[in-house]
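Enquirer: So here's query_0.pdb (PDB, C-alpha atoms).
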MODEL        1
ATOM      1  CA  MET A   1      32.687 -11.029  17.453
ATOM      2  CA  PHE A   2      31.673  -7.408  17.829
ATOM      3  CA  ASP A   3      31.496  -5.437  21.022
ATOM      4  CA  LYS A   4      28.460  -3.274  21.681
ATOM      5  CA  LYS A   5      30.836  -0.293  21.396
ATOM      6  CA  ASP A   6      31.771  -1.364  17.834
ATOM      7  CA  LEU A   7      28.145  -1.451  16.721
ATOM      8  CA  ASP A   8      27.245   1.724  18.612
ATOM      9  CA  ALA A   9      30.021   3.539  16.720
ATOM     10  CA  VAL A  10      28.323   2.891  13.359
ATOM     11  CA  LYS A  11      24.713   3.195  14.524
ATOM     12  CA  PRO A  12      22.947   6.107  12.841
ATOM     13  CA  GLU A  13      21.913   9.004  15.044
ATOM     14  CA  SER A  14      18.141   9.054  15.572
ATOM     15  CA  ASP A  15      17.500  12.746  15.251
ATOM     16  CA  ARG A  16      14.336  12.586  13.116
ATOM     17  CA  ARG A  17      15.758  15.192  10.744
ATOM     18  CA  ILE A  18      14.771  14.699   7.136
ATOM     19  CA  ARG A  19      17.789  15.004   4.860
ATOM     20  CA  VAL A  20      16.545  16.067   1.435
ATOM     21  CA  ASP A  21      18.739  15.039  -1.509
ATOM     22  CA  LYS A  22      16.542  16.101  -4.434
ATOM     23  CA  PHE A  23      13.050  16.692  -5.714
ATOM     24  CA  VAL A  24      11.370  13.989  -7.810
ATOM     25  CA  ASP A  25       8.062  13.548  -9.609
ATOM     26  CA  PHE A  26       5.786  11.996  -6.997
ATOM     27  CA  PHE A  27       4.102   9.671  -9.505
ATOM     28  CA  SER A  28       7.464   8.350 -10.703
ATOM     29  CA  ILE A  29       7.874   6.466  -7.428
ATOM     30  CA  ASP A  30       6.707   2.856  -7.596
ATOM     31  CA  PRO A  31       4.235   2.380  -4.690
ATOM     32  CA  THR A  32       5.784  -1.040  -4.088
ATOM     33  CA  TYR A  33       8.537   0.825  -2.236
ATOM     34  CA  PHE A  34       6.145   2.672   0.118
ATOM     35  CA  HIS A  35       6.523   1.523   3.715
ATOM     36  CA  THR A  36       4.932   3.731   6.385
ATOM     37  CA  THR A  37       3.369   7.185   6.179
ATOM     38  CA  TYR A  38       3.472   9.816   8.921
ATOM     39  CA  ALA A  39       1.713  13.197   9.122
ATOM     40  CA  LEU A  40       4.106  16.124   9.380
ATOM     41  CA  MET A  41       3.001  19.159  11.378
ATOM     42  CA  PRO A  42       4.589  22.604  11.328
ATOM     43  CA  ASP A  43       6.796  23.019  14.358
ATOM     44  CA  LYS A  44       8.628  26.342  14.375
ATOM     45  CA  SER A  45       7.660  27.938  11.096
ATOM     46  CA  ASN A  46       4.164  27.837   9.689
ATOM     47  CA  ASP A  47       5.379  29.977   6.777
ATOM     48  CA  ALA A  48       8.083  27.483   5.733
ATOM     49  CA  TYR A  49       5.640  24.570   6.028
ATOM     50  CA  SER A  50       3.029  26.399   3.954
ATOM     51  CA  LEU A  51       5.620  27.406   1.356
ATOM     52  CA  LEU A  52       6.939  23.854   0.899
ATOM     53  CA  LEU A  53       3.420  22.377   0.817
ATOM     54  CA  THR A  54       2.224  24.854  -1.809
ATOM     55  CA  ALA A  55       5.352  24.473  -3.970
ATOM     56  CA  LEU A  56       5.188  20.645  -3.907
ATOM     57  CA  GLU A  57       1.476  20.702  -4.773
ATOM     58  CA  LYS A  58       2.050  23.172  -7.609
ATOM     59  CA  LYS A  59       4.906  21.166  -9.161
ATOM     60  CA  GLY A  60       3.658  17.616  -8.373
ATOM     61  CA  LYS A  61       6.992  16.906  -6.741
ATOM     62  CA  ALA A  62       8.181  15.127  -3.613
ATOM     63  CA  CYS A  63      11.337  15.664  -1.582
ATOM     64  CA  ALA A  64      13.496  12.531  -1.724
ATOM     65  CA  GLY A  65      16.036  11.864   0.966
ATOM     66  CA  ARG A  66      16.491   9.903   4.159
ATOM     67  CA  ILE A  67      15.544   9.899   7.802
ATOM     68  CA  THR A  68      16.681   7.959  10.847
ATOM     69  CA  LEU A  69      13.934   6.690  13.138
ATOM     70  CA  ARG A  70      15.021   4.934  16.294
ATOM     71  CA  THR A  71      18.142   3.121  15.049
ATOM     72  CA  LYS A  72      17.207   2.536  11.421
ATOM     73  CA  GLU A  73      17.879   4.763   8.460
ATOM     74  CA  TYR A  74      15.191   4.847   5.773
ATOM     75  CA  PRO A  75      14.981   6.320   2.312
ATOM     76  CA  ALA A  76      11.979   8.635   2.475
ATOM     77  CA  ILE A  77       9.880  11.135   0.608
ATOM     78  CA  VAL A  78       7.988  14.182   1.813
ATOM     79  CA  HIS A  79       4.935  14.924  -0.289
ATOM     80  CA  ALA A  80       1.672  16.819  -0.272
ATOM     81  CA  TYR A  81      -1.466  14.953   0.781
ATOM     82  CA  LYS A  82      -4.885  16.563   1.254
ATOM     83  CA  GLY A  83      -3.539  19.968   2.225
ATOM     84  CA  SER A  84      -0.751  18.679   4.445
ATOM     85  CA  LEU A  85       2.792  17.368   4.242
ATOM     86  CA  VAL A  86       3.419  13.713   4.918
ATOM     87  CA  LEU A  87       6.574  11.662   5.223
ATOM     88  CA  THR A  88       6.540   8.208   3.679
ATOM     89  CA  THR A  89       9.407   5.895   4.520
ATOM     90  CA  LEU A  90      10.448   3.648   1.672
ATOM     91  CA  ARG A  91      11.816   0.135   1.364
ATOM     92  CA  TYR A  92      15.322  -0.224  -0.012
ATOM     93  CA  ALA A  93      15.583  -1.595  -3.560
ATOM     94  CA  TYR A  94      17.159  -4.805  -2.225
ATOM     95  CA  ASP A  95      14.174  -5.346   0.100
ATOM     96  CA  VAL A  96      11.734  -5.511  -2.825
ATOM     97  CA  PHE A  97      11.830  -8.720  -4.841
ATOM     98  CA  ASP A  98      12.026  -8.737  -8.626
ATOM     99  CA  PRO A  99       9.249 -11.044  -9.845
ATOM    100  CA  GLN A 100      11.080 -11.621 -13.128
ATOM    101  CA  GLY A 101      13.424 -13.925 -11.242
ATOM    102  CA  PHE A 102      10.710 -16.572 -10.915
ATOM    103  CA  GLU A 103      10.975 -19.360 -13.475
ATOM    104  CA  GLU A 104       7.185 -19.817 -13.534
ATOM    105  CA  LEU A 105       6.767 -16.301 -14.915
ATOM    106  CA  LYS A 106       9.355 -16.873 -17.624
ATOM    107  CA  GLN A 107       7.402 -19.905 -18.819
ATOM    108  CA  LEU A 108       4.016 -18.172 -19.181
ATOM    109  CA  LYS A 109       2.342 -18.664 -22.538
ATOM    110  CA  ALA A 110       0.523 -15.837 -24.274
ATOM    111  CA  PRO A 111      -3.271 -16.136 -23.871
ATOM    112  CA  GLY A 112      -5.500 -16.977 -26.799
ATOM    113  CA  LYS A 113      -7.313 -14.171 -28.625
ATOM    114  CA  THR A 114     -10.789 -15.284 -27.469
ATOM    115  CA  GLU A 115      -9.786 -15.456 -23.813
ATOM    116  CA  LEU A 116      -7.945 -12.148 -23.996
ATOM    117  CA  ASP A 117     -10.860 -10.376 -25.698
ATOM    118  CA  LEU A 118     -13.229 -11.697 -23.029
ATOM    119  CA  ALA A 119     -10.933 -10.624 -20.180
ATOM    120  CA  VAL A 120     -10.416  -7.161 -21.703
ATOM    121  CA  LYS A 121     -14.202  -6.711 -22.081
ATOM    122  CA  ILE A 122     -14.785  -7.645 -18.435
ATOM    123  CA  ILE A 123     -12.061  -5.235 -17.315
ATOM    124  CA  ALA A 124     -13.640  -2.462 -19.386
ATOM    125  CA  ASP A 125     -17.116  -3.215 -18.010
ATOM    126  CA  LEU A 126     -15.947  -3.283 -14.387
ATOM    127  CA  SER A 127     -13.633  -0.254 -14.610
ATOM    128  CA  GLY A 128     -14.233   2.751 -12.366
ATOM    129  CA  GLU A 129     -12.607   5.206 -10.007
ATOM    130  CA  PHE A 130     -10.886   3.831  -6.922
ATOM    131  CA  ASP A 131     -12.626   4.772  -3.673
ATOM    132  CA  ILE A 132     -11.018   3.344  -0.538
ATOM    133  CA  THR A 133     -14.201   3.979   1.482
ATOM    134  CA  GLU A 134     -15.925   1.219  -0.515
ATOM    135  CA  TYR A 135     -13.761  -1.340   1.272
ATOM    136  CA  LYS A 136     -14.593  -2.454   4.789
ATOM    137  CA  ASP A 137     -12.870  -4.911   7.105
ATOM    138  CA  SER A 138     -15.570  -7.590   7.247
ATOM    139  CA  TYR A 139     -13.751  -9.515   9.981
ATOM    140  CA  LYS A 140     -13.650  -6.409  12.195
ATOM    141  CA  GLN A 141     -17.352  -5.755  11.533
ATOM    142  CA  LYS A 142     -18.247  -9.354  12.474
ATOM    143  CA  VAL A 143     -16.206  -9.180  15.693
ATOM    144  CA  GLU A 144     -17.883  -5.879  16.623
ATOM    145  CA  GLU A 145     -21.291  -7.473  16.009
ATOM    146  CA  LEU A 146     -20.303 -10.400  18.258
ATOM    147  CA  ILE A 147     -19.261  -7.929  20.966
ATOM    148  CA  ARG A 148     -22.625  -6.107  20.733
ATOM    149  CA  LYS A 149     -24.476  -9.428  21.026
ATOM    150  CA  LYS A 150     -22.347 -10.479  24.017
ATOM    151  CA  ILE A 151     -23.013  -7.141  25.748
ATOM    152  CA  LYS A 152     -26.759  -7.645  25.223
ATOM    153  CA  GLY A 153     -26.461 -11.175  26.622
ATOM    154  CA  GLU A 154     -27.567 -12.820  23.395
ATOM    155  CA  THR A 155     -26.625 -16.380  22.547
ATOM    156  CA  ILE A 156     -24.107 -16.511  19.735
ATOM    157  CA  THR A 157     -24.337 -19.178  17.072
ATOM    158  CA  VAL A 158     -21.596 -19.274  14.503
ATOM    159  CA  GLU A 159     -22.518 -20.351  11.002
ATOM    160  CA  LYS A 160     -19.797 -21.508   8.680
ATOM    161  CA  PRO A 161     -19.987 -19.941   5.232
ATOM    162  CA  PRO A 162     -20.563 -22.404   2.397
ATOM    163  CA  LYS A 163     -17.408 -23.534   0.616
ATOM    164  CA  GLU A 164     -16.935 -22.069  -2.817
ATOM    165  CA  GLU A 165     -16.031 -24.360  -5.668
ATOM    166  CA  ALA A 166     -12.870 -23.692  -7.605
ATOM    167  CA  ILE A 167     -13.830 -23.219 -11.236
ATOM    168  CA  GLU A 168     -11.804 -22.941 -14.409
ATOM    169  CA  LEU A 169     -10.818 -19.423 -15.437
ATOM    170  CA  MET A 170     -12.714 -19.407 -18.744
ATOM    171  CA  VAL A 171     -15.904 -20.619 -17.057
ATOM    172  CA  ALA A 172     -15.522 -17.863 -14.453
ATOM    173  CA  LEU A 173     -14.936 -15.233 -17.151
ATOM    174  CA  ARG A 174     -18.050 -16.305 -19.069
ATOM    175  CA  GLU A 175     -20.161 -16.297 -15.868
ATOM    176  CA  THR A 176     -18.907 -12.817 -15.029
ATOM    177  CA  LEU A 177     -19.739 -11.588 -18.512
ATOM    178  CA  LYS A 178     -23.280 -13.031 -18.238
ATOM    179  CA  GLN A 179     -23.799 -11.249 -14.914
ATOM    180  CA  LEU A 180     -22.578  -7.973 -16.413
ATOM    181  CA  GLU A 181     -24.975  -8.317 -19.354
ATOM    182  CA  LYS A 182     -27.908  -8.668 -16.906
ATOM    183  CA  LYS A 183     -27.149  -5.266 -15.355
TER
ENDMDL
END
Just give me the structure as structure tokens.
Expert:
Amino acid sequence: MFDKKDLDAVKPESDRRIRVDKFVDFFSIDPTYFHTTYALMPDKSNDAYSLLLTALEKKGKACAGRITLRTKEYPAIVHAYKGSLVLTTLRYAYDVFDPQGFEELKQLKAPGKTELDLAVKIIADLSGEFDITEYKDSYKQKVEELIRKKIKGETITVEKPPKEEAIELMVALRETLKQLEKK
């Protein structure tokens, strides 16, 4: 059994100071480790903030180190984002699972040439730039619409969406390819 004093003696100090260990290539960090991102604002020295921001942007680097928030120590990076510095806390390596440990993945068979060619063609046809603004929270939008209707005193009738059939992968790939050819 531990006393509270025993645990308090080893508890990290929550001082919110970022302890930088080294500089790393930002794009070398696997996003799987990203946890939470916070905006950093200049506090005492605008010049130091501006200098670090500009240098990180110029070199494509991030500061790697650690920070203690509340009573938990996190690995963290400080990096440039849209003309500002941000801190992103990271997960520890042992908190991220290695998918290669799953037996099901070890037993996967290589796909056939026809299926692979079809899948690669669909990927090529549907490729584009990622734009986060294209994605909307449809549940949130539906709830907001319900709220507007309630405010107006309208009667709300909920319609269940039709159930989608589960179809075989090859059938789905061929249907997708047909739809792409129509465009």
Enquirer: Name the residues within 8 Å of (3.5, 15.7, 5.3), counting only C-alpha atoms in the file's coordinates, and put them as a compact mmCIF listing (two decimals) with C-alpha atoms, keeping the file's coordinate frame.
Expert:
# COMPACT_ATOMS: atom_id res chain seq x y z
CA TYR A 38 3.47 9.82 8.92
CA ALA A 39 1.71 13.20 9.12
CA LEU A 40 4.11 16.12 9.38
CA MET A 41 3.00 19.16 11.38
CA VAL A 78 7.99 14.18 1.81
CA HIS A 79 4.93 14.92 -0.29
CA ALA A 80 1.67 16.82 -0.27
CA TYR A 81 -1.47 14.95 0.78
CA SER A 84 -0.75 18.68 4.44
CA LEU A 85 2.79 17.37 4.24
CA VAL A 86 3.42 13.71 4.92
CA LEU A 87 6.57 11.66 5.22
Enquirer: Would you translate the PyMOL selection byres ((chain A and resi 27-34) around 7) into the concrete set of residues it matches in this file, as a VMD selection string?
Expert: chain A and resid 25 to 26 35 to 36 88 to 91
Enquirer: Select, from A:Arg66, A:Lys11, A:Arg19, A:Lys178, the residue with the minimum atom-to-atom distance to Tyr92 of chain A, counting only C-alpha atoms.
Expert: A:Arg66
Enquirer: Excluding same-chain residues fewer than 6 positions from Val143 of chain A, what lies within 12 Å of it counting only C-alpha atoms, as a PyMOL selection string?
Expert: chain A and resi 137+149-150+156+158
Enquirer: So which one's closest to Glu13 of chain A, A:Lys59, A:Lys44, A:Arg70, A:Arg174? Using all atoms listed in the file, please.
Expert: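 Between A:Lys59, A:Lys44, A:Arg70, A:Arg174, the residue approaching Glu13 of chain A most closely is A:Arg70.
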Enquirer: Grab the atom CA of Gly65 of chain A to atom CA of Thr37 of chain A distance for me, in Å with one decimal place.
Expert: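 Computing the Euclidean distance for atom CA of Gly65 of chain A and atom CA of Thr37 of chain A yields 14.5 Å.
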Enquirer: Expressed in Å to a single decimal, how great is the separation between atom CA of Lys61 of chain A and atom CA of Ile77 of chain A?
Expert: 9.8 Å
Enquirer: Nearest to Leu126 of chain A among A:Ala76, A:Leu180, A:Leu108, A:Val171, with distances taken over only C-alpha atoms: which residue is it?
Expert: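 Between A:Ala76, A:Leu180, A:Leu108, A:Val171, the residue approaching Leu126 of chain A most closely is A:Leu180.
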Enquirer: Between A:Lys121, A:Phe130, A:Tyr139, A:Ile18, which residue has the minimum interatomic distance to Glu181 of chain A, considering all atoms listed in the file?
Expert: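 For Glu181 of chain A, the nearest of the given residues is A:Lys121.
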Enquirer: Just the number, please: distance in Å from atom CA of Pro161 of chain A to atom CA of Asp125 of chain A, one decimal.
Expert: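 So the two atoms, atom CA of Pro161 of chain A and atom CA of Asp125 of chain A, lie 28.8 Å apart.
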Enquirer: Using all atoms of segment 40-57 of chain A listed in the file and a margin of 8 Å per side, can you give the axis-aligned box centre and edge lengths in Å to one decimal, as AutoDock Vina command-line options?
Expert:
--center_x 5.1 --center_y 23.1 --center_z 4.8 --size_x 23.2 --size_y 29.9 --size_z 35.1
